[in-house]
Every structure is written in C-alpha cells, then in structure tokens.
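Engineer: Provided herewith is a single structure, encoded as structure tokens, for subsequent inquiry.
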Amino acid sequence: MIFPPKKSGERPELGPETRQLVIIGANGAGKTRFTSRLLSSVAPEKIFSLSPLRALFGAYKPEAEAGSIDALYAEAAARSPLTSGNAENFAPPTEAERLMSLLLQEEMVNLLARKLSGRNDEPVTPTKLDRVLDLWREIFPENDILRHNGSLEFASATDGETRSQNRLSTGEKLVLYYFGAALYAPADAVIPVDSPELFLHPSTIRTVWDRVEALRPDCTFIYTTHDLDFASTRSSAATVWVRGCSAEADVFDYDLLPRDSQLSEEMYLAILGARRPVLFIEGDATRSIDAKLYPLIFPEYTVKALGSCDRVIESTRVFNSLGAFHHLDSIGIVDRDRRSPQEVNYLRKKKIMVPEVAEIENMLMVEEVIRAVASAHGRDENKAFARVKAAVMNLFKADSKSQALQHTRHYVKRTIEHRIDGRFATISKLEEHMMDLVYEINPRAIYEQFCRDFHGYIRDDDYQSVLRVYNQKSMLSQSNVGTLTGSGDHRGYIAAILNILKSPSPAAERIRRAIRAQIN
C-alpha cells in the first residue's frame with residue numbers, strides 16, 4: 001500500500017510485513033479521508049470493510065460491493081428455497097443479523113451434506129459458526145449458547161434466562177459480528193475498521209482484536225480511531241499520526257510514529273493527540289493531588305501523570321530528544337523533597353521544574369492559596385492565615401530534628417551514589433574508598449548544619465522556607481487549614497481549591513498565580 005502524499009510530495013509505502021496499521025489523530029484531523037486515500041492504492045476486491053455502526057444500524061444493500069457481507073448474504077439468499085426470488089424482503093434488518101444468517105445457513109448446508117454423504121461416523125470439522133461461538137464464549141465466559149430449532153439462544157449464567165441474538169447487548173452483538181465477519185474476508189484482504197473501540201468495554205478490547213487478528217493472519221488490518229486506549233493495545237502495529245489535510249491540494253500532514261521512541265505507545269499517543277505542549281508530573285493519574293491540580297494550573301499543557309519522579313525525568317528527556325519529529329515542547333515537574341540546591345539546578349537545566357516547596361501538599365499551604373480560599377468562604381483571610389502559619393511553625397518546631405535527620409540521610413545517600421560510581425582498579429581500592437567516605441562526608445556535621453538552618457527558620461518565623469524543607473503529608477490535617485478557611489476538614493480544603501480553579505473567578509486566578517510562582 002502507498003501512503004497518501006505529504007505536503008513535501010513524499011509518499012511512503014507500507015511494507016508487506018506490516019499486518020496492523022493504526023491511523024490516529026484528533027477529531028477533524030482528516031483520519032477518514034486519509035484512510036480512503038490509502039485504500040485507493042488497494043485492489044477493490046481485496047478490501048473488506050468492518051464498521052460497528054453499519055453492522056448494527058446500516059440498511060440492507062443488495063447491490064453492495066462484491067465480497068461484502070451484504071453481497072454474500074444476497075448470493076446465499078438467492079440460492080435459498082425460502083427466499084429465492086424475494087431475498088430483499090426476507091433480509092434481516094442489520095448487517096450483524098445478516099452475518100448470523102450466513103453462519104447458520106452454512107451450518108445447515110454442512111449438516112445436510114454430511115447426512116447425504118453417509119459419513120456420519122467421521123470426525124466433525126468445526127464450522128465457521130463453531131469457531132465464532134467458541135471465541136465468543138471466551139470473551140463472555142459467564143454466558144452459554146444453545147442451538148434450538150435452527151436458531152441460537154444465549155443463556156446468562158447470572159439469571160439463567162435465555163434470549164435471542166436481538167436481545168444481546170450492543171457489545172455482545174459486535175463481538176459476534178467481528179469474529180464472524182473476519183472469517184468471510186477474502187484471502188490476503190485489507191480490512192479497514194472504523195472506530196474499532198466503539199461499544200466495546202475497555203476490558204475486552206485488547207482480547208477481541210487480538211483474537212480477530214489471529215483468525216486472519218493473512219490479512220492486513222487498518223484501524224481508524226481517535227481512541228488512545230485502543231491504539232495503545234495494538235503494540236505490534238505501525239501507527240500513523242494524522243495532524244491535518246488539505247482537501248483541495250489532496251495532501252496530508254502526517255508522520256509514522258517511531259517504534260523505538262522509548263516512551264510507551266499509550267503515553268506518546270495521548271500527547272500527540274492533544275497538539276499542545278506536554279507537562280509530565282508525578283502521581284497516580286486518577287487519585288493523586290498532582291493529577292487533579294496541575295491540569296487546572298496549567299490548562300495550556302497536556303498533563304500526563306507518570307507515577308515516580310524517575311519516570312518524569314526520563315520521559316521529559318526522551319520526549320524532548322524527539323523534538324524534530326513532533327515539534328512539541330515538554331517540561332516536567334517533580335517534588336523538591338530533600339534535594340540539594342545543586343540537584344535542583346541540574347534538573348531545571350533539563351527542563352524539570354522543581355517547586356519552591358517540598359511536596360505537592362505544601363503547594364496547597366502557600367500563603368496566598370490559604371488566603372484566597374478563606375476569602376472565598378467569607379472568612380477573615382488575615383486571621384485564617386495567621387492561625388494556619390502558627391500551627392505549621394509549631395509542627396515544624398516539634399519535627400525539626402527528625403526532619404534534619406531525613407535531609408542528612410538524603411544528602412549522604414546521594415553523595416555515596418555519586419562517589420561509588422567511580423572506577424576502581426582493584427577491590428582493595430574500592431574498600432579503601434568506602435572506608436574513607438564516612439570521614440569525608442561527615443554526616444554529623446551535615447546534620448548539625450541542617451539543625452542550625454531549621455532553627456533559624458523557626459527563629460525568623462520564615463514560613464516560606466519551612467514549606468521548602470518540611471516533608472510532612474499530614475500537615476494539611478494537623479494544621480486545621482480546612483476549618484480555619486471555612487472549607488471543612490483537610491479533604492474539604494483540597495476540594496475547595498479544585499472547585500475554585502474549575503470556574504473563572506478572581507479567586508481562581510489568585511490561586512493559579514500563587515502556585516505557578518512556586519514553580520521555576
């Protein structure tokens with residue numbers, strides 16, 4: 001297959017070794033037009049299209065393209081004594097039902113041929129219907145299928161009720177359709193599939209399409225989708241990102257995604273599909289404060305939560321190394337935790353932003369954020385902040401020595417990791433080096449310096465410096481910030497910040513500016 005022309009005039013080819021191609025892009029980017037243009041380089045008799053909408057809702061077309069389900073049904077119906085000469089009037093209303101009629105008719109023809117041949121004692125060769133039903137049971141193991149009076153009935157294990165194909169769920173019907181239709185595709189067919197994720201539960205998508213592809217290893221599957229989760233399930237597929245097209249000039253703006261990008265396919269597609277600069281952050285994508293807060297603080301970015309700080313650092317580096325391909329900027333944000341000034345400066349040079357507070361919870365304890373929430377709830381913001389600040393300073397005073405020890409441990413660990421990475425000619429040299437490290441690093445002196453620094457923050461009532469070094473996730477609850485700002489407990493305080501940020505208001509801009517100011 002020859003790809004559509006690019007603006008540069010280039011027209012890459014899809015090699016015969018590629019059996020799966022995913023065409024993805026934002027809505028309106030021209031994916032459908034791109035697919036049609038790609039298929040124009042394929043012999044029409046080799047194209048066997050699958051569409052969930054056509055399968056469930058499309059009208060019957062007796063003059064359909066040769067080899068299609070409708071054309072095959074029309075041929076079979078014309079030969080049937082039940083519908084001969086009047087096939088259109090007898091046609092089931094949907095393509096999925098017409099496919100099932102084909103499968104059942106083939107089943108009956110095979111049974112009749114076996115009976116007439118007199119070879120009833122020979123092993124039974126599985127029919128298309130047998131293969132389809134076995135695969136369907138694999139996807140829906142709680143259900144059973146019964147053959148009754150020349151038709152199929154589907155039994156649910158939960159209630160024991162039997163029902164016809166028409167009473168199956170949309171997803172159940174589609175799985176039958178995909179398995180059955182794939183078996184009717186011509187040899188070495190090109191099978192374009194429009195919106196392959198439609199109506200299917202996310203938990204079954206990968207298995208369904210893995211099984212369909214395994215049914216027809218001779219065929220090439222072309223998936224057109226904007227669903228990033230589906231695209232990420234086709235790990236062996238070539239992937240085309242369609243950015244746009246010019247209908248008048250008949251040229252397209254697209255690229256093949258590099259398979260060796262070192263980023264997960266899911267992540268890469270999620271980023272590219274949004275067409276915005278990228279912000280990698282720590283935390284869980286659904287539950288962490290980071291994932292809930294940062295998209296509201298940086299609406300101009302595609303925010304992608306990656307879990308650990310190491311993944312944020314590595315993904316930012318790799319994504320920026322591919323800038324010539326995607327032309328998108330990428331930055332990362334990691335918690336400051338107990339990083340030294342040298343570590344912070346190094347990361348910032350690599351486009352990894354390190355906030356002026358220790359961790360994400362501290363971001364919500366910034367003075368201006370507390371004041372904005374209190375004001376939005378009709379509280380005196382001066383009194384609210386003064387009481388929260390006093391509580392935090394007292395907490396830090398009680399924890400200062402344990403915090404100094406944690407900072408010391410981090411410093412020693414980082415120093416040893418760096419120093420041990422050197423080259424040593426013999427084991428004796430390594431042992432000698434290790435024995436000297438304790439004296440060179442001098443942990444006690446480092447600890448005492450941290451204690452002096454922290455005591456200075458307490459003496460000077462330096463709230464901002466405390467937020468920069470104090471790692472204490474319970475600070476939100478122990479400081480009573482929720483009650484003091486009129487937003488309830490600490491969970492209510494977090495929810496209040498997020499709700500304020502979701503609606504345009506002076507308070508939202510106040511919080512947004514305050515948090516952005518903490519990130520350099």
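By order in the structure tokens, chains are A, B, ...; within a chain, residues start at 1; ligands start at 1, following the order shown.
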Mind checking which residues fall within 9 Å of Arg338 of chain A, counting only C-alpha atoms, ignoring those fewer than 6 positions away in the same chain, and posting them as a count of residues only?

Structural biologist: 10

Engineer: Pick out the residues sitting within 12 Å of Lys389 of chain A, and hand them over as a list of chain:residue names; count only C-alpha atoms, and ignore anything fewer than 5 positions along from it in its own chain.

Structural biologist: A:Met365, A:Val366, A:Glu367, A:Glu368, A:Ile370, A:Arg371, A:Glu381, A:Asn382, A:Lys383, A:Ala384, A:Asn394, A:Leu395, A:Phe396, A:Ile458, A:Asp461, A:Asp462, A:Tyr463, A:Gln464, A:Val466, A:Leu467, A:Met475, A:Leu476, A:Gln478, A:Ser479, A:Asn480, A:Val481, A:Leu484

Engineer: Run DSSP on the backbone and grab whatever in segment 303-385 of chain A lands in strand (DSSP E); send it over as a PyMOL selection string.

Structural biologist: chain A and resi 303-305+330-333+352-353

Engineer: Hey, what does DSSP flag as helix (DSSP H, G or I) within segment 330-391 of chain A? Can you give it to me as a CSV table (one decimal) with N, CA and C atoms, in the first residue's frame?

Structural biologist:
chain,number,residue,atom,x,y,z
A,341,PRO,N,20.5,22.2,46.5
A,341,PRO,CA,20.5,23.3,45.5
A,341,PRO,C,21.1,22.8,44.2
A,342,GLN,N,22.2,22.0,44.3
A,342,GLN,CA,22.9,21.5,43.1
A,342,GLN,C,22.0,20.6,42.3
A,343,GLU,N,21.3,19.7,43.0
A,343,GLU,CA,20.4,18.8,42.3
A,343,GLU,C,19.2,19.6,41.6
A,344,VAL,N,18.7,20.6,42.3
A,344,VAL,CA,17.6,21.4,41.8
A,344,VAL,C,18.1,22.1,40.5
A,345,ASN,N,19.2,22.8,40.6
A,345,ASN,CA,19.7,23.5,39.4
A,345,ASN,C,20.0,22.6,38.2
A,346,TYR,N,20.5,21.4,38.5
A,346,TYR,CA,20.8,20.4,37.4
A,346,TYR,C,19.4,20.0,36.8
A,347,LEU,N,18.4,19.7,37.5
A,347,LEU,CA,17.1,19.3,37.0
A,347,LEU,C,16.5,20.5,36.2
A,348,ARG,N,16.6,21.7,36.7
A,348,ARG,CA,16.0,22.8,36.0
A,348,ARG,C,16.6,23.0,34.6
A,349,LYS,N,17.9,22.8,34.5
A,349,LYS,CA,18.6,22.9,33.2
A,349,LYS,C,18.1,21.9,32.2
A,360,ILE,N,3.8,18.3,46.9
A,360,ILE,CA,2.5,18.8,46.4
A,360,ILE,C,1.6,19.3,47.5
A,361,GLU,N,1.6,18.6,48.6
A,361,GLU,CA,0.7,19.1,49.7
A,361,GLU,C,1.1,20.5,50.2
A,362,ASN,N,2.4,20.7,50.2
A,362,ASN,CA,2.9,22.1,50.6
A,362,ASN,C,2.4,23.2,49.7
A,363,MET,N,2.2,22.8,48.4
A,363,MET,CA,1.8,23.7,47.4
A,363,MET,C,0.4,24.3,47.8
A,367,GLU,N,0.9,30.7,51.3
A,367,GLU,CA,0.2,31.8,51.9
A,367,GLU,C,-1.0,32.3,51.1
A,368,GLU,N,-0.7,32.6,49.8
A,368,GLU,CA,-1.8,33.2,49.0
A,368,GLU,C,-2.9,32.3,48.7
A,369,VAL,N,-2.6,31.0,48.6
A,369,VAL,CA,-3.6,30.0,48.4
A,369,VAL,C,-4.6,29.9,49.6
A,370,ILE,N,-4.0,29.9,50.8
A,370,ILE,CA,-4.8,29.9,52.0
A,370,ILE,C,-5.7,31.1,52.1
A,371,ARG,N,-5.1,32.2,51.8
A,371,ARG,CA,-5.9,33.5,51.9
A,371,ARG,C,-7.0,33.5,50.9
A,372,ALA,N,-6.8,33.0,49.7
A,372,ALA,CA,-7.8,33.0,48.6
A,372,ALA,C,-9.0,32.1,49.0
A,373,VAL,N,-8.7,30.9,49.6
A,373,VAL,CA,-9.7,30.0,50.0
A,373,VAL,C,-10.5,30.6,51.1
A,374,ALA,N,-9.8,31.2,52.1
A,374,ALA,CA,-10.5,31.8,53.2
A,374,ALA,C,-11.4,32.9,52.8
A,375,SER,N,-10.9,33.7,51.9
A,375,SER,CA,-11.7,34.9,51.4
A,375,SER,C,-12.9,34.4,50.6
A,376,ALA,N,-12.7,33.3,49.8
A,376,ALA,CA,-13.9,32.8,49.0
A,376,ALA,C,-15.0,32.2,49.9
A,381,GLU,N,-9.2,36.5,56.0
A,381,GLU,CA,-8.0,35.8,55.5
A,381,GLU,C,-6.8,36.1,56.3
A,382,ASN,N,-6.7,37.3,56.9
A,382,ASN,CA,-5.5,37.6,57.7
A,382,ASN,C,-5.5,36.7,59.0
A,383,LYS,N,-6.7,36.5,59.6
A,383,LYS,CA,-6.7,35.7,60.8
A,383,LYS,C,-6.5,34.2,60.4
A,384,ALA,N,-7.2,33.8,59.3
A,384,ALA,CA,-7.1,32.4,58.9
A,384,ALA,C,-5.6,32.0,58.6
A,385,PHE,N,-4.9,32.9,57.9
A,385,PHE,CA,-3.5,32.5,57.5
A,385,PHE,C,-2.6,32.6,58.8
A,386,ALA,N,-2.8,33.6,59.6
A,386,ALA,CA,-2.0,33.7,60.8
A,386,ALA,C,-2.1,32.4,61.7
A,387,ARG,N,-3.3,31.9,61.8
A,387,ARG,CA,-3.5,30.7,62.7
A,387,ARG,C,-2.9,29.4,62.0
A,388,VAL,N,-3.1,29.3,60.7
A,388,VAL,CA,-2.5,28.2,60.0
A,388,VAL,C,-1.0,28.3,60.0
A,389,LYS,N,-0.4,29.4,59.8
A,389,LYS,CA,1.0,29.6,59.9
A,389,LYS,C,1.5,29.2,61.3
A,390,ALA,N,0.9,29.7,62.3
A,390,ALA,CA,1.3,29.3,63.7
A,390,ALA,C,1.3,27.8,63.9
A,391,ALA,N,0.3,27.2,63.4
A,391,ALA,CA,0.2,25.7,63.6
A,391,ALA,C,1.3,25.0,62.8

Engineer: What separation in Å, quoted to one decimal, exists between atom CA of Thr233 of chain A and atom CA of Ile139 of chain A?

Structural biologist: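 Atom CA of Ile139 of chain A lies at a distance of 16.3 Å from atom CA of Thr233 of chain A.
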
Engineer: Skipping near chain neighbours, those fewer than 4 positions away, what residues fall within 6 Å of Val240 of chain A using only C-alpha atoms, listed as a CSV table (one decimal) with C-alpha atoms, in the first residue's frame?

Structural biologist:
chain,number,residue,atom,x,y,z
A,23,ILE,CA,-4.4,5.7,12.0
A,255,ASP,CA,4.0,11.0,10.3
A,256,LEU,CA,4.7,7.4,11.3

Engineer: Record the distance separating atom CA of Lys61 of chain A and atom CA of Leu103 of chain A, expressed in Å with one decimal.

Structural biologist: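 Separation between atom CA of Lys61 of chain A and atom CA of Leu103 of chain A: 18.6 Å.
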
Engineer: Report as a VMD selection string all protein, DNA and RNA residues lying within 12 Å of Leu53 of chain A, evaluated on only C-alpha atoms, omitting residues in the same chain fewer than 3 positions from it.

Structural biologist: chain A and resid 49 to 50 56 to 59 94 to 96 170 to 171 173 to 174 177 193 to 199

Engineer: Can you pull out the residues contacting Arg147 of chain A? Cut-off 12 Å, using only C-alpha atoms, and skip same-chain residues under 5 positions away; I want them as a ChimeraX atom specification.

Structural biologist: /A:104,107-108,129-130,133,152-155,162-165

Engineer: For the atom pair atom CA of Thr415 of chain A and atom CA of Tyr447 of chain A, what is the interatomic distance in Å to one decimal place?

Structural biologist: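 Distance reported for this atom pair: 14.2 Å.
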
Engineer: Determine the nearest neighbour of Ile494 of chain A from the options A:Ser68, A:Ile289, A:Glu282, A:Tyr178, counting only C-alpha atoms.

Structural biologist: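 So, comparing all the options, the nearest one is A:Ile289.
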
Engineer: Select, from A:Gly283, A:Ile297, A:Cys219, A:Phe454, the residue with the minimum atom-to-atom distance to Ala514 of chain A, counting only C-alpha atoms.

Structural biologist: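 The closest residue to Ala514 of chain A is A:Ile297.
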
Engineer: Excluding same-chain residues fewer than 5 positions from segment 1-13 of chain A, what lies within 7 Å of it counting only C-alpha atoms, as a list in words?

Structural biologist: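 Returned residues: Phe34, Arg37, Leu38, Ser41, Val42, Val251, Phe252 and Asp253 of chain A.
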
Engineer: Go ahead and save the residues from that selection, with all heavy atoms, as a PDB file, in the first residue's frame.

Structural biologist:
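Dumped everything to part_28.pdb:
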ATOM      1  N   PHE A  34      -7.883  10.275   5.048  1.00  0.00           N
ATOM      2  CA  PHE A  34      -6.573   9.642   4.898  1.00  0.00           C
ATOM      3  C   PHE A  34      -6.732   8.147   4.610  1.00  0.00           C
ATOM      4  O   PHE A  34      -6.074   7.604   3.720  1.00  0.00           O
ATOM      5  CB  PHE A  34      -5.753   9.842   6.182  1.00  0.00           C
ATOM      6  CG  PHE A  34      -4.371   9.264   6.139  1.00  0.00           C
ATOM      7  CD1 PHE A  34      -3.282  10.025   5.745  1.00  0.00           C
ATOM      8  CD2 PHE A  34      -4.151   7.928   6.497  1.00  0.00           C
ATOM      9  CE1 PHE A  34      -2.003   9.482   5.710  1.00  0.00           C
ATOM     10  CE2 PHE A  34      -2.879   7.380   6.461  1.00  0.00           C
ATOM     11  CZ  PHE A  34      -1.802   8.159   6.067  1.00  0.00           C
ATOM     12  N   ARG A  37      -7.989   7.547   1.116  1.00  0.00           N
ATOM     13  CA  ARG A  37      -6.925   7.790   0.135  1.00  0.00           C
ATOM     14  C   ARG A  37      -5.924   6.639   0.140  1.00  0.00           C
ATOM     15  O   ARG A  37      -5.428   6.230  -0.909  1.00  0.00           O
ATOM     16  CB  ARG A  37      -6.229   9.102   0.491  1.00  0.00           C
ATOM     17  CG  ARG A  37      -5.269   9.603  -0.567  1.00  0.00           C
ATOM     18  CD  ARG A  37      -6.020  10.072  -1.808  1.00  0.00           C
ATOM     19  NE  ARG A  37      -5.125  10.757  -2.723  1.00  0.00           N
ATOM     20  CZ  ARG A  37      -4.301  10.168  -3.583  1.00  0.00           C
ATOM     21  NH1 ARG A  37      -4.251   8.837  -3.613  1.00  0.00           N
ATOM     22  NH2 ARG A  37      -3.536  10.869  -4.382  1.00  0.00           N
ATOM     23  N   LEU A  38      -5.632   6.103   1.316  1.00  0.00           N
ATOM     24  CA  LEU A  38      -4.715   4.969   1.421  1.00  0.00           C
ATOM     25  C   LEU A  38      -5.285   3.740   0.708  1.00  0.00           C
ATOM     26  O   LEU A  38      -4.580   3.031  -0.023  1.00  0.00           O
ATOM     27  CB  LEU A  38      -4.462   4.649   2.897  1.00  0.00           C
ATOM     28  CG  LEU A  38      -3.608   3.419   3.214  1.00  0.00           C
ATOM     29  CD1 LEU A  38      -2.190   3.612   2.709  1.00  0.00           C
ATOM     30  CD2 LEU A  38      -3.602   3.153   4.721  1.00  0.00           C
ATOM     31  N   SER A  41      -5.088   2.747  -3.182  1.00  0.00           N
ATOM     32  CA  SER A  41      -3.958   2.036  -3.792  1.00  0.00           C
ATOM     33  C   SER A  41      -4.108   0.521  -3.689  1.00  0.00           C
ATOM     34  O   SER A  41      -3.201  -0.222  -4.040  1.00  0.00           O
ATOM     35  CB  SER A  41      -2.645   2.463  -3.111  1.00  0.00           C
ATOM     36  OG  SER A  41      -2.617   2.059  -1.749  1.00  0.00           O
ATOM     37  N   VAL A  42      -5.283   0.068  -3.173  1.00  0.00           N
ATOM     38  CA  VAL A  42      -5.536  -1.363  -2.990  1.00  0.00           C
ATOM     39  C   VAL A  42      -6.592  -1.810  -3.991  1.00  0.00           C
ATOM     40  O   VAL A  42      -7.564  -1.092  -4.259  1.00  0.00           O
ATOM     41  CB  VAL A  42      -6.020  -1.648  -1.547  1.00  0.00           C
ATOM     42  CG1 VAL A  42      -6.304  -3.138  -1.354  1.00  0.00           C
ATOM     43  CG2 VAL A  42      -4.992  -1.157  -0.529  1.00  0.00           C
ATOM     44  N   VAL A 251      -3.309  16.719  -0.147  1.00  0.00           N
ATOM     45  CA  VAL A 251      -2.087  16.400   0.572  1.00  0.00           C
ATOM     46  C   VAL A 251      -2.410  16.322   2.067  1.00  0.00           C
ATOM     47  O   VAL A 251      -3.379  16.924   2.536  1.00  0.00           O
ATOM     48  CB  VAL A 251      -0.971  17.435   0.334  1.00  0.00           C
ATOM     49  CG1 VAL A 251      -0.515  17.399  -1.108  1.00  0.00           C
ATOM     50  CG2 VAL A 251      -1.420  18.840   0.735  1.00  0.00           C
ATOM     51  N   PHE A 252      -1.569  15.594   2.791  1.00  0.00           N
ATOM     52  CA  PHE A 252      -1.820  15.354   4.205  1.00  0.00           C
ATOM     53  C   PHE A 252      -0.591  15.691   5.028  1.00  0.00           C
ATOM     54  O   PHE A 252       0.544  15.594   4.554  1.00  0.00           O
ATOM     55  CB  PHE A 252      -2.189  13.888   4.426  1.00  0.00           C
ATOM     56  CG  PHE A 252      -3.497  13.478   3.803  1.00  0.00           C
ATOM     57  CD1 PHE A 252      -3.570  13.175   2.444  1.00  0.00           C
ATOM     58  CD2 PHE A 252      -4.648  13.396   4.563  1.00  0.00           C
ATOM     59  CE1 PHE A 252      -4.767  12.805   1.865  1.00  0.00           C
ATOM     60  CE2 PHE A 252      -5.850  13.022   3.995  1.00  0.00           C
ATOM     61  CZ  PHE A 252      -5.912  12.725   2.637  1.00  0.00           C
ATOM     62  N   ASP A 253      -0.846  16.087   6.253  1.00  0.00           N
ATOM     63  CA  ASP A 253       0.209  16.330   7.227  1.00  0.00           C
ATOM     64  C   ASP A 253       0.181  15.156   8.202  1.00  0.00           C
ATOM     65  O   ASP A 253      -0.730  15.043   9.028  1.00  0.00           O
ATOM     66  CB  ASP A 253      -0.038  17.650   7.960  1.00  0.00           C
ATOM     67  CG  ASP A 253       1.070  17.976   8.951  1.00  0.00           C
ATOM     68  OD1 ASP A 253       2.119  17.314   8.902  1.00  0.00           O
ATOM     69  OD2 ASP A 253       0.863  18.882   9.788  1.00  0.00           O
TER      70      ASP A 253
END
